Amino acid sequence: MVKLRLEAKPLSIRTALLAIALGASVSPAFAQGENEAVASQSGPYGIVSQLSRMCLKVNGDGLRVGAPLIASPCQRGARSNRFHMRPMPDGGVMLIADSPRGDLCVEAPARKGQQLRLASCRPDVDGQSWSVHRDRLQASRAGDCASVEGASHAKGSRVVSSPCVGAVSERWTVAPVR
């Protein structure tokens, strides 16, 4: 078992992915008295916009193939805003929706400006491998960033694939959730 020394606060995507790159994901549980997060295969995580403080969330009535992703207020215990991470052979991770079957992944569309959606998890699909660069959620192979669309960043704003330009709408934090 790998142990990582972390403070009891939300993790940046970079820190969470570093733990995964070391062969684990970061658990929200902390070792008693030692303030150490125990790396394990558990989750889930909330992915929170640093601009709006809203969660990356599956929009609509259920976790299904084709469901679009939006930025919306975080709901404690809601599966629609919880994700697991699985390491990919290319060094990225798959973002897996917290569904009973665990087979729905966040996928960046091939065209820029289009909304992120859930798709059946397939390691060979370019748009399902994600990495982090300066707290940006970036499609590893396509190079585009997950970005909250629109100037107001209101509840229900679409999360789209767009060129990475360093805007705050591209910045995300990963936080363990219960």
# chains A, B, ... in the order shown; residues from 1 in each chain; ligands from 1
>>> residues_around(residues="A:Lys112", least_positions_apart="3", cutoff="10 Å", atoms="only C-alpha atoms", output="PyMOL selection string")
chain A and resi 108-109+115+142+144-145+160-163
>>> residues_around(residues="A:Glu107", least_positions_apart="4", cutoff="7 Å", atoms="only C-alpha atoms", output="ChimeraX atom specification")
/A:116-119,127-128
>>> write_last_selection(atoms="N, CA and C atoms", output="PDB file, in the first residue's frame")
ATOM      1  N   LEU A 116     -18.883  18.191 -23.559  1.00  0.00           N
ATOM      2  CA  LEU A 116     -18.405  16.902 -23.082  1.00  0.00           C
ATOM      3  C   LEU A 116     -19.616  16.030 -22.778  1.00  0.00           C
ATOM      4  N   ARG A 117     -19.478  14.727 -23.020  1.00  0.00           N
ATOM      5  CA  ARG A 117     -20.572  13.785 -22.809  1.00  0.00           C
ATOM      6  C   ARG A 117     -20.039  12.494 -22.215  1.00  0.00           C
ATOM      7  N   LEU A 118     -20.958  11.679 -21.684  1.00  0.00           N
ATOM      8  CA  LEU A 118     -20.591  10.338 -21.234  1.00  0.00           C
ATOM      9  C   LEU A 118     -20.625   9.390 -22.427  1.00  0.00           C
ATOM     10  N   ALA A 119     -19.697   8.468 -22.427  1.00  0.00           N
ATOM     11  CA  ALA A 119     -19.630   7.446 -23.469  1.00  0.00           C
ATOM     12  C   ALA A 119     -19.216   6.138 -22.809  1.00  0.00           C
ATOM     13  N   GLY A 127     -10.535  10.696 -27.001  1.00  0.00           N
ATOM     14  CA  GLY A 127     -11.206  11.688 -26.155  1.00  0.00           C
ATOM     15  C   GLY A 127     -11.480  11.245 -24.737  1.00  0.00           C
ATOM     16  N   GLN A 128     -11.080  10.010 -24.363  1.00  0.00           N
ATOM     17  CA  GLN A 128     -11.342   9.530 -23.007  1.00  0.00           C
ATOM     18  C   GLN A 128     -10.109   9.520 -22.123  1.00  0.00           C
TER      19      GLN A 128
END
>>> atom_distance(atom1="atom CA of A:Cys164", atom2="atom CA of A:Gly143")
7.6 Å
>>> residues_around(residues="A:Cys55", least_positions_apart="2", cutoff="12 Å", atoms="only C-alpha atoms", output="number ranges by chain")
A: 45-53, 57-59, 69-76, 78-83, 148, 153-159, 171-175, 177
>>> write_last_selection(atoms="N, CA and C atoms", output="compact mmCIF listing (two decimals), in the first residue's frame")
# COMPACT_ATOMS: atom_id res chain seq x y z
N TYR A 45 -14.54 11.17 -6.54
CA TYR A 45 -14.05 12.54 -6.47
C TYR A 45 -15.07 13.48 -7.08
N GLY A 46 -15.11 14.68 -6.55
CA GLY A 46 -15.83 15.77 -7.19
C GLY A 46 -14.81 16.56 -7.97
N ILE A 47 -15.19 17.05 -9.13
CA ILE A 47 -14.32 17.88 -9.95
C ILE A 47 -14.96 19.25 -9.99
N VAL A 48 -14.28 20.22 -9.35
CA VAL A 48 -14.89 21.52 -9.07
C VAL A 48 -14.22 22.62 -9.88
N SER A 49 -15.03 23.45 -10.53
CA SER A 49 -14.52 24.60 -11.28
C SER A 49 -13.93 25.61 -10.31
N GLN A 50 -12.69 26.04 -10.57
CA GLN A 50 -12.07 27.04 -9.70
C GLN A 50 -12.70 28.41 -9.90
N LEU A 51 -13.38 28.62 -11.02
CA LEU A 51 -14.03 29.90 -11.28
C LEU A 51 -15.37 30.01 -10.55
N SER A 52 -16.24 29.04 -10.77
CA SER A 52 -17.61 29.14 -10.26
C SER A 52 -17.84 28.36 -8.98
N ARG A 53 -16.89 27.49 -8.60
CA ARG A 53 -17.03 26.60 -7.45
C ARG A 53 -18.18 25.62 -7.64
N LYS A 57 -20.80 17.97 -13.64
CA LYS A 57 -21.98 17.16 -13.33
C LYS A 57 -22.60 16.63 -14.60
N VAL A 58 -23.14 15.42 -14.51
CA VAL A 58 -23.89 14.84 -15.62
C VAL A 58 -25.27 15.49 -15.61
N ASN A 59 -25.66 16.08 -16.72
CA ASN A 59 -26.95 16.75 -16.83
C ASN A 59 -28.02 15.75 -17.22
N LEU A 69 -22.37 16.95 -20.03
CA LEU A 69 -21.82 17.43 -18.77
C LEU A 69 -21.97 18.94 -18.66
N ILE A 70 -22.28 19.38 -17.44
CA ILE A 70 -22.49 20.80 -17.16
C ILE A 70 -21.74 21.16 -15.87
N ALA A 71 -21.71 22.45 -15.57
CA ALA A 71 -21.24 22.94 -14.27
C ALA A 71 -22.49 23.28 -13.47
N SER A 72 -22.63 22.69 -12.31
CA SER A 72 -23.82 22.87 -11.50
C SER A 72 -23.44 22.77 -10.03
N PRO A 73 -24.25 23.34 -9.12
CA PRO A 73 -23.91 23.25 -7.70
C PRO A 73 -23.66 21.80 -7.29
N CYS A 74 -22.66 21.61 -6.48
CA CYS A 74 -22.31 20.28 -5.99
C CYS A 74 -23.41 19.78 -5.06
N GLN A 75 -23.80 18.52 -5.25
CA GLN A 75 -24.82 17.91 -4.41
C GLN A 75 -24.21 16.74 -3.67
N ARG A 76 -24.19 16.84 -2.36
CA ARG A 76 -23.61 15.78 -1.55
C ARG A 76 -24.34 14.46 -1.80
N ALA A 78 -24.79 12.84 -4.54
CA ALA A 78 -25.36 12.63 -5.88
C ALA A 78 -24.33 11.96 -6.79
N ARG A 79 -24.72 10.86 -7.39
CA ARG A 79 -23.81 10.16 -8.30
C ARG A 79 -23.49 11.01 -9.52
N SER A 80 -24.37 11.92 -9.89
CA SER A 80 -24.18 12.70 -11.11
C SER A 80 -23.00 13.66 -11.05
N ASN A 81 -22.44 13.92 -9.86
CA ASN A 81 -21.27 14.78 -9.78
C ASN A 81 -20.10 14.10 -9.07
N ARG A 82 -20.04 12.77 -9.22
CA ARG A 82 -18.94 12.00 -8.63
C ARG A 82 -18.27 11.17 -9.73
N PHE A 83 -16.94 11.14 -9.68
CA PHE A 83 -16.16 10.44 -10.71
C PHE A 83 -15.04 9.63 -10.07
N VAL A 148 -15.68 25.67 -18.76
CA VAL A 148 -17.05 26.10 -18.48
C VAL A 148 -17.38 27.18 -19.51
N HIS A 153 -21.00 31.93 -16.26
CA HIS A 153 -20.73 30.68 -15.55
C HIS A 153 -21.85 30.34 -14.57
N ALA A 154 -23.06 30.51 -15.03
CA ALA A 154 -24.24 30.26 -14.21
C ALA A 154 -24.50 28.77 -14.08
N LYS A 155 -25.35 28.43 -13.12
CA LYS A 155 -25.77 27.04 -12.92
C LYS A 155 -26.26 26.46 -14.24
N GLY A 156 -25.77 25.29 -14.56
CA GLY A 156 -26.19 24.63 -15.79
C GLY A 156 -25.36 25.00 -17.01
N SER A 157 -24.29 25.77 -16.82
CA SER A 157 -23.43 26.12 -17.96
C SER A 157 -22.84 24.85 -18.56
N ARG A 158 -22.78 24.82 -19.87
CA ARG A 158 -22.20 23.66 -20.56
C ARG A 158 -20.70 23.59 -20.29
N VAL A 159 -20.17 22.37 -20.22
CA VAL A 159 -18.74 22.16 -20.14
C VAL A 159 -18.33 21.63 -21.52
N ARG A 171 -9.86 25.88 -15.30
CA ARG A 171 -9.17 25.39 -14.10
C ARG A 171 -10.14 24.61 -13.21
N TRP A 172 -9.67 23.45 -12.75
CA TRP A 172 -10.48 22.53 -11.97
C TRP A 172 -9.69 22.02 -10.77
N THR A 173 -10.40 21.64 -9.72
CA THR A 173 -9.81 21.03 -8.52
C THR A 173 -10.52 19.71 -8.28
N VAL A 174 -9.76 18.69 -7.92
CA VAL A 174 -10.34 17.39 -7.56
C VAL A 174 -10.43 17.32 -6.05
N ALA A 175 -11.61 16.98 -5.54
CA ALA A 175 -11.80 16.86 -4.09
C ALA A 175 -12.46 15.52 -3.77
N VAL A 177 -14.93 12.98 -2.22
CA VAL A 177 -16.30 13.13 -1.70
C VAL A 177 -16.72 11.83 -1.06
>>> closest_residue(among="A:Ser120, A:Ser147, A:Ser140, A:Ser131", to="A:Ser99", atoms="only C-alpha atoms")
A:Ser120
>>> select_by_dssp(residues="stretch 38-177 of chain A", states="strand (DSSP E)", output="number ranges by chain")
A: 38-40, 45-49, 55-58, 69-72, 83-87, 93-97, 104-107, 117-120, 130-133, 136-139, 145-148, 157-162, 172-176
>>> residues_around(residues="A:Pro123", least_positions_apart="5", cutoff="9 Å", atoms="only C-alpha atoms", output="PyMOL selection string")
chain A and resi 88-89+94+128-129
>>> atom_distance(atom1="atom CA of A:Ala146", atom2="atom CA of A:Gly43")
20.9 Å
>>> closest_residue(among="A:Pro87, A:Arg178, A:Ala139, A:Arg134", to="A:Gly166", atoms="only C-alpha atoms")
A:Arg134
>>> atom_distance(atom1="atom CA of A:Ala110", atom2="atom CA of A:Met85")
21.4 Å
>>> residues_around(residues="A:Gly102", least_positions_apart="2", cutoff="10 Å", atoms="only C-alpha atoms", output="JSON, numbers by chain")
{"A": [83, 84, 96, 97, 98, 99, 100, 104, 105, 120, 121]}
